[in-house]
Amino acid sequence: MAVKPGWSLLPMALAGAFGLLGGITAYYVSLRVSPPPRRTYLDSYTFTPWELEVPYETVEFRSSDGLRLVGWWLPRPETNAVIVGSHGHAGRKDELLGIGSYCWRAGYNVLLFDYRGRGESDPWPQTLVSREVDDLLAALQYVRQRMPEAAIGVIGYSMGAAVGILATARDQSVRALVADSSFTTGDDVVADAVEKVLRVPLRPLVRLADTIVARRHGYRFSQARPIDAIGQIAPRPVFLIHGVDDSLVPVSHVRQLYAAAREPRLVWEIPGAEHCGGYFVDRVGYCRRVVEFFDQYLRSVEA
């Protein structure tokens, strides 16, 4: 049978169409990973510790590249124990007021702050566990300057948990880490999210999105690998928390992180909890377990 004119071009046309679609999708993924900075008045219209009848001071400190980072210091002058909160990718410091105020009432100084490009901190393209690690290191430096003998603990959520793992591995001033809903690697969590939406394996697309992010913002999310860093935290303790029903970062991530960690290490898988949902499943039980962990490892080293 004779081949109709133009039919031989069909495979090339289809390949070109799929290539264009893949490129557009990869660019969209890159925008979700590193969205452009947008600030509105709503960034300042939030609850503060005042609504919870907790005394606080608005503080500012600088990142290593000079950006202004804004936080709240919840004071406990009678102790040198400090807990630093690390919020998620699209989060802000006010989202940690629940656990933060509980830790303050339990007798801890608390620092909650906005990562670059979020909340009240200076605008900047959000990254996925890249410059945020530098920001957390700057927060830890601020604590040490304010309280040179501080016994520091960190609690982080989602991206903030991954940032906590990477920063704690680098900064020996952190005595104890709680990481809630962390991922193993940047490319794993992006691939999980893309495959959930498009229902097909798209590792090549994720690699293309990683390249786009590198060209636009100068970093690769594939280089964010908490699973490679968590073993370096020992002998300092790590408490890993994860929802069994997490649909954004599957529970398999925390199992891999726990396997890669060294003692002392704890893991708490919470049935019925979605992403970062353990707090909401049982607020009182969650807060008590977190504070018991910090009490065990921070109170014993108070000056």
# chains A, B, ... in the order shown; residues from 1 in each chain; ligands from 1
$ select_by_dssp --residues "region 137-298 of chain A" --states "alpha helix (DSSP H)" --output "ChimeraX atom specification"
/A:137-146,159-170,186-198,203-217,226-229,252-260,278-281,283-298
$ closest_residue --among "A:Tyr102, A:Ser252, A:Val133, A:Ala150" --to "Arg289 (chain A)" --atoms "only C-alpha atoms"
A:Tyr102
$ closest_residue --among "A:Gly278, A:Pro49, A:Pro226, A:Pro55" --to "Ala167 (chain A)" --atoms "only C-alpha atoms"
A:Pro226
$ residues_around --residues "Val244 (chain A)" --least-positions-apart "6" --cutoff "9 Å" --atoms "only C-alpha atoms" --output "short mmCIF file (atom, residue, chain, number, x, y, z; two decimals) with C-alpha atoms, in the first residue's frame"
data_model
loop_
_atom_site.label_atom_id
_atom_site.label_comp_id
_atom_site.auth_asym_id
_atom_site.auth_seq_id
_atom_site.Cartn_x
_atom_site.Cartn_y
_atom_site.Cartn_z
CA PRO A 250 5.26 9.69 51.00
CA VAL A 251 6.02 8.03 54.33
CA SER A 252 8.72 6.00 52.56
CA GLU A 269 4.88 7.64 62.13
CA ILE A 270 1.43 9.08 62.83
CA PRO A 271 -1.57 7.17 61.40
CA GLY A 272 -4.23 9.34 59.79
CA ALA A 273 -1.91 12.31 59.41
CA GLU A 274 -1.46 14.12 56.11
CA HIS A 275 1.56 16.26 55.22
#
$ atom_distance --atom1 "CA of Gly100 (chain A)" --atom2 "CA of Asp134 (chain A)"
21.6 Å
$ select_by_dssp --residues "region 46-166 of chain A" --states "strand (DSSP E)" --output "PyMOL selection string"
chain A and resi 57-62+68-74+81-86+109-113+151-157
$ write_last_selection --atoms "N, CA, C and O atoms" --output "compact mmCIF listing (two decimals), in the first residue's frame"
# COMPACT_ATOMS: atom_id res chain seq x y z
N GLU A 57 9.50 39.95 70.88
CA GLU A 57 10.26 41.06 70.31
C GLU A 57 10.45 40.78 68.83
O GLU A 57 10.86 39.67 68.45
N THR A 58 10.14 41.76 67.99
CA THR A 58 10.44 41.62 66.56
C THR A 58 11.93 41.85 66.36
O THR A 58 12.48 42.87 66.80
N VAL A 59 12.59 40.90 65.71
CA VAL A 59 14.04 40.99 65.53
C VAL A 59 14.37 40.90 64.05
O VAL A 59 13.59 40.41 63.23
N GLU A 60 15.55 41.41 63.71
CA GLU A 60 16.06 41.34 62.34
C GLU A 60 17.51 40.90 62.37
O GLU A 60 18.25 41.23 63.28
N PHE A 61 17.88 40.14 61.37
CA PHE A 61 19.28 39.77 61.19
C PHE A 61 19.52 39.59 59.70
O PHE A 61 18.57 39.58 58.90
N ARG A 62 20.77 39.47 59.31
CA ARG A 62 21.13 39.45 57.89
C ARG A 62 21.59 38.07 57.46
O ARG A 62 22.30 37.37 58.19
N ARG A 68 17.68 41.02 54.56
CA ARG A 68 17.09 41.23 55.88
C ARG A 68 16.08 40.12 56.16
O ARG A 68 15.13 39.94 55.42
N LEU A 69 16.30 39.40 57.23
CA LEU A 69 15.40 38.34 57.67
C LEU A 69 14.72 38.80 58.96
O LEU A 69 15.38 39.29 59.87
N VAL A 70 13.41 38.61 59.03
CA VAL A 70 12.62 39.13 60.14
C VAL A 70 12.07 37.96 60.97
O VAL A 70 11.60 36.96 60.41
N GLY A 71 12.14 38.11 62.28
CA GLY A 71 11.66 37.05 63.14
C GLY A 71 11.03 37.57 64.41
O GLY A 71 10.99 38.80 64.66
N TRP A 72 10.52 36.65 65.21
CA TRP A 72 10.00 36.95 66.55
C TRP A 72 10.83 36.19 67.57
O TRP A 72 11.06 34.99 67.44
N TRP A 73 11.25 36.91 68.59
CA TRP A 73 11.97 36.29 69.71
C TRP A 73 11.01 36.22 70.90
O TRP A 73 10.53 37.25 71.38
N LEU A 74 10.73 35.01 71.35
CA LEU A 74 9.88 34.79 72.52
C LEU A 74 10.81 34.51 73.70
O LEU A 74 11.46 33.47 73.73
N ALA A 81 18.25 27.75 77.05
CA ALA A 81 17.74 26.81 76.05
C ALA A 81 16.90 27.56 75.02
O ALA A 81 16.00 28.32 75.39
N VAL A 82 17.17 27.33 73.74
CA VAL A 82 16.50 28.06 72.66
C VAL A 82 16.03 27.06 71.61
O VAL A 82 16.79 26.16 71.21
N ILE A 83 14.80 27.23 71.15
CA ILE A 83 14.28 26.43 70.05
C ILE A 83 14.04 27.34 68.86
O ILE A 83 13.36 28.38 68.98
N VAL A 84 14.58 26.98 67.71
CA VAL A 84 14.44 27.75 66.47
C VAL A 84 13.48 27.01 65.55
O VAL A 84 13.65 25.81 65.28
N GLY A 85 12.46 27.71 65.05
CA GLY A 85 11.49 27.12 64.15
C GLY A 85 11.86 27.34 62.70
O GLY A 85 12.38 28.41 62.32
N SER A 86 11.59 26.33 61.87
CA SER A 86 11.95 26.36 60.44
C SER A 86 10.71 25.97 59.63
O SER A 86 10.33 24.80 59.58
N ASN A 109 13.27 29.74 75.37
CA ASN A 109 13.33 30.84 74.42
C ASN A 109 12.98 30.27 73.04
O ASN A 109 13.35 29.12 72.72
N VAL A 110 12.30 31.07 72.23
CA VAL A 110 11.90 30.58 70.90
C VAL A 110 12.19 31.66 69.87
O VAL A 110 11.90 32.84 70.10
N LEU A 111 12.77 31.25 68.74
CA LEU A 111 12.95 32.14 67.60
C LEU A 111 12.19 31.57 66.42
O LEU A 111 12.47 30.45 65.96
N LEU A 112 11.22 32.34 65.93
CA LEU A 112 10.50 32.02 64.69
C LEU A 112 10.85 33.11 63.68
O LEU A 112 10.83 34.29 64.01
N PHE A 113 11.16 32.74 62.46
CA PHE A 113 11.55 33.75 61.47
C PHE A 113 11.06 33.35 60.09
O PHE A 113 10.73 32.18 59.83
N ALA A 151 21.88 26.64 74.39
CA ALA A 151 21.68 25.23 74.03
C ALA A 151 20.54 25.22 73.03
O ALA A 151 19.37 25.43 73.38
N ILE A 152 20.87 24.98 71.76
CA ILE A 152 19.93 25.23 70.66
C ILE A 152 19.31 23.93 70.16
O ILE A 152 20.00 22.95 69.89
N GLY A 153 17.99 23.97 70.00
CA GLY A 153 17.27 22.92 69.29
C GLY A 153 16.58 23.53 68.08
O GLY A 153 16.26 24.72 68.07
N VAL A 154 16.35 22.73 67.05
CA VAL A 154 15.67 23.17 65.84
C VAL A 154 14.48 22.26 65.59
O VAL A 154 14.58 21.03 65.74
N ILE A 155 13.34 22.85 65.21
CA ILE A 155 12.20 22.08 64.75
C ILE A 155 11.77 22.60 63.39
O ILE A 155 11.58 23.81 63.21
N GLY A 156 11.69 21.70 62.41
CA GLY A 156 11.37 22.10 61.05
C GLY A 156 10.27 21.26 60.45
O GLY A 156 10.06 20.10 60.85
N TYR A 157 9.59 21.84 59.47
CA TYR A 157 8.45 21.20 58.83
C TYR A 157 8.63 21.19 57.32
O TYR A 157 8.96 22.22 56.72
$ residues_around --residues "Asp228 (chain A)" --least-positions-apart "4" --cutoff "10 Å" --atoms "only C-alpha atoms" --output "ChimeraX atom specification"
/A:165-166,169,184-185,224,232,257,260-261
$ residues_around --residues "Trp268 (chain A)" --least-positions-apart "6" --cutoff "12 Å" --atoms "only C-alpha atoms" --output "mmCIF file with N, CA, C and O atoms, in the first residue's frame"
data_model
loop_
_atom_site.group_PDB
_atom_site.id
_atom_site.type_symbol
_atom_site.label_atom_id
_atom_site.label_comp_id
_atom_site.auth_asym_id
_atom_site.auth_seq_id
_atom_site.Cartn_x
_atom_site.Cartn_y
_atom_site.Cartn_z
ATOM 1 N N VAL A 178 14.299 18.240 65.541
ATOM 2 C CA VAL A 178 13.023 17.600 65.213
ATOM 3 C C VAL A 178 12.721 17.919 63.755
ATOM 4 O O VAL A 178 12.674 19.091 63.371
ATOM 5 N N ALA A 179 12.538 16.889 62.936
ATOM 6 C CA ALA A 179 12.274 17.068 61.506
ATOM 7 C C ALA A 179 10.943 16.407 61.176
ATOM 8 O O ALA A 179 10.833 15.181 61.173
ATOM 9 N N ASP A 180 9.941 17.224 60.904
ATOM 10 C CA ASP A 180 8.587 16.744 60.628
ATOM 11 C C ASP A 180 8.315 16.831 59.128
ATOM 12 O O ASP A 180 8.341 17.907 58.540
ATOM 13 N N SER A 181 8.075 15.685 58.510
ATOM 14 C CA SER A 181 7.672 15.598 57.094
ATOM 15 C C SER A 181 8.771 16.014 56.127
ATOM 16 O O SER A 181 8.506 16.609 55.081
ATOM 17 N N VAL A 238 18.272 13.056 66.642
ATOM 18 C CA VAL A 238 17.313 13.447 65.613
ATOM 19 C C VAL A 238 15.984 12.756 65.914
ATOM 20 O O VAL A 238 15.948 11.541 66.152
ATOM 21 N N PHE A 239 14.916 13.525 65.894
ATOM 22 C CA PHE A 239 13.560 13.007 66.085
ATOM 23 C C PHE A 239 12.813 13.226 64.778
ATOM 24 O O PHE A 239 12.524 14.361 64.399
ATOM 25 N N LEU A 240 12.505 12.152 64.050
ATOM 26 C CA LEU A 240 11.815 12.216 62.767
ATOM 27 C C LEU A 240 10.330 11.941 62.971
ATOM 28 O O LEU A 240 9.957 10.960 63.622
ATOM 29 N N ILE A 241 9.491 12.801 62.397
ATOM 30 C CA ILE A 241 8.036 12.672 62.496
ATOM 31 C C ILE A 241 7.462 12.700 61.087
ATOM 32 O O ILE A 241 7.916 13.468 60.233
ATOM 33 N N HIS A 242 6.444 11.865 60.840
ATOM 34 C CA HIS A 242 5.861 11.826 59.497
ATOM 35 C C HIS A 242 4.450 11.251 59.572
ATOM 36 O O HIS A 242 4.193 10.330 60.341
ATOM 37 N N GLY A 243 3.562 11.810 58.756
ATOM 38 C CA GLY A 243 2.217 11.270 58.648
ATOM 39 C C GLY A 243 2.194 10.049 57.742
ATOM 40 O O GLY A 243 2.738 10.080 56.637
ATOM 41 N N VAL A 244 1.545 8.999 58.202
ATOM 42 C CA VAL A 244 1.452 7.780 57.393
ATOM 43 C C VAL A 244 0.685 8.047 56.101
ATOM 44 O O VAL A 244 0.959 7.445 55.063
ATOM 45 N N VAL A 251 5.409 8.464 53.074
ATOM 46 C CA VAL A 251 6.018 8.027 54.325
ATOM 47 C C VAL A 251 7.303 7.235 54.083
ATOM 48 O O VAL A 251 8.140 7.103 54.983
ATOM 49 N N VAL A 254 10.548 9.102 55.183
ATOM 50 C CA VAL A 254 11.035 9.111 56.564
ATOM 51 C C VAL A 254 11.681 7.777 56.917
ATOM 52 O O VAL A 254 12.624 7.727 57.717
ATOM 53 N N ARG A 255 11.209 6.700 56.315
ATOM 54 C CA ARG A 255 11.815 5.397 56.588
ATOM 55 C C ARG A 255 13.235 5.332 56.029
ATOM 56 O O ARG A 255 14.128 4.762 56.664
ATOM 57 N N TYR A 258 15.383 7.576 58.350
ATOM 58 C CA TYR A 258 15.676 6.901 59.613
ATOM 59 C C TYR A 258 16.774 5.856 59.423
ATOM 60 O O TYR A 258 17.683 5.724 60.252
ATOM 61 N N GLY A 278 0.648 15.868 61.752
ATOM 62 C CA GLY A 278 0.716 15.226 63.059
ATOM 63 C C GLY A 278 0.266 16.140 64.182
ATOM 64 O O GLY A 278 -0.421 15.704 65.118
ATOM 65 N N TYR A 286 1.135 15.740 70.541
ATOM 66 C CA TYR A 286 2.252 16.119 69.672
ATOM 67 C C TYR A 286 3.201 17.068 70.402
ATOM 68 O O TYR A 286 4.419 16.846 70.449
ATOM 69 N N ARG A 289 5.247 15.400 73.202
ATOM 70 C CA ARG A 289 6.343 14.532 72.753
ATOM 71 C C ARG A 289 7.521 15.355 72.255
ATOM 72 O O ARG A 289 8.686 15.005 72.500
ATOM 73 N N VAL A 290 7.239 16.449 71.553
ATOM 74 C CA VAL A 290 8.325 17.306 71.073
ATOM 75 C C VAL A 290 9.078 17.926 72.244
ATOM 76 O O VAL A 290 10.321 17.922 72.285
ATOM 77 N N PHE A 293 11.268 15.502 74.124
ATOM 78 C CA PHE A 293 12.512 15.263 73.389
ATOM 79 C C PHE A 293 13.515 16.377 73.669
ATOM 80 O O PHE A 293 14.682 16.120 74.008
#
$ closest_residue --among "A:His89, A:Arg131, A:Arg225, A:Arg146" --to "Gly119 (chain A)" --atoms "only C-alpha atoms"
A:His89
$ atom_distance --atom1 "CA of Leu42 (chain A)" --atom2 "CA of Lys93 (chain A)"
13.4 Å
$ atom_distance --atom1 "CA of Tyr279 (chain A)" --atom2 "CA of Tyr297 (chain A)"
21.0 Å
$ closest_residue --among "A:Thr40, A:Thr79, A:Ser247, A:Thr168" --to "Gly117 (chain A)" --atoms "only C-alpha atoms"
A:Thr40
$ closest_residue --among "A:Ser101, A:Gln172, A:Thr48, A:Thr127" --to "Tyr115 (chain A)" --atoms "only C-alpha atoms"
A:Thr127
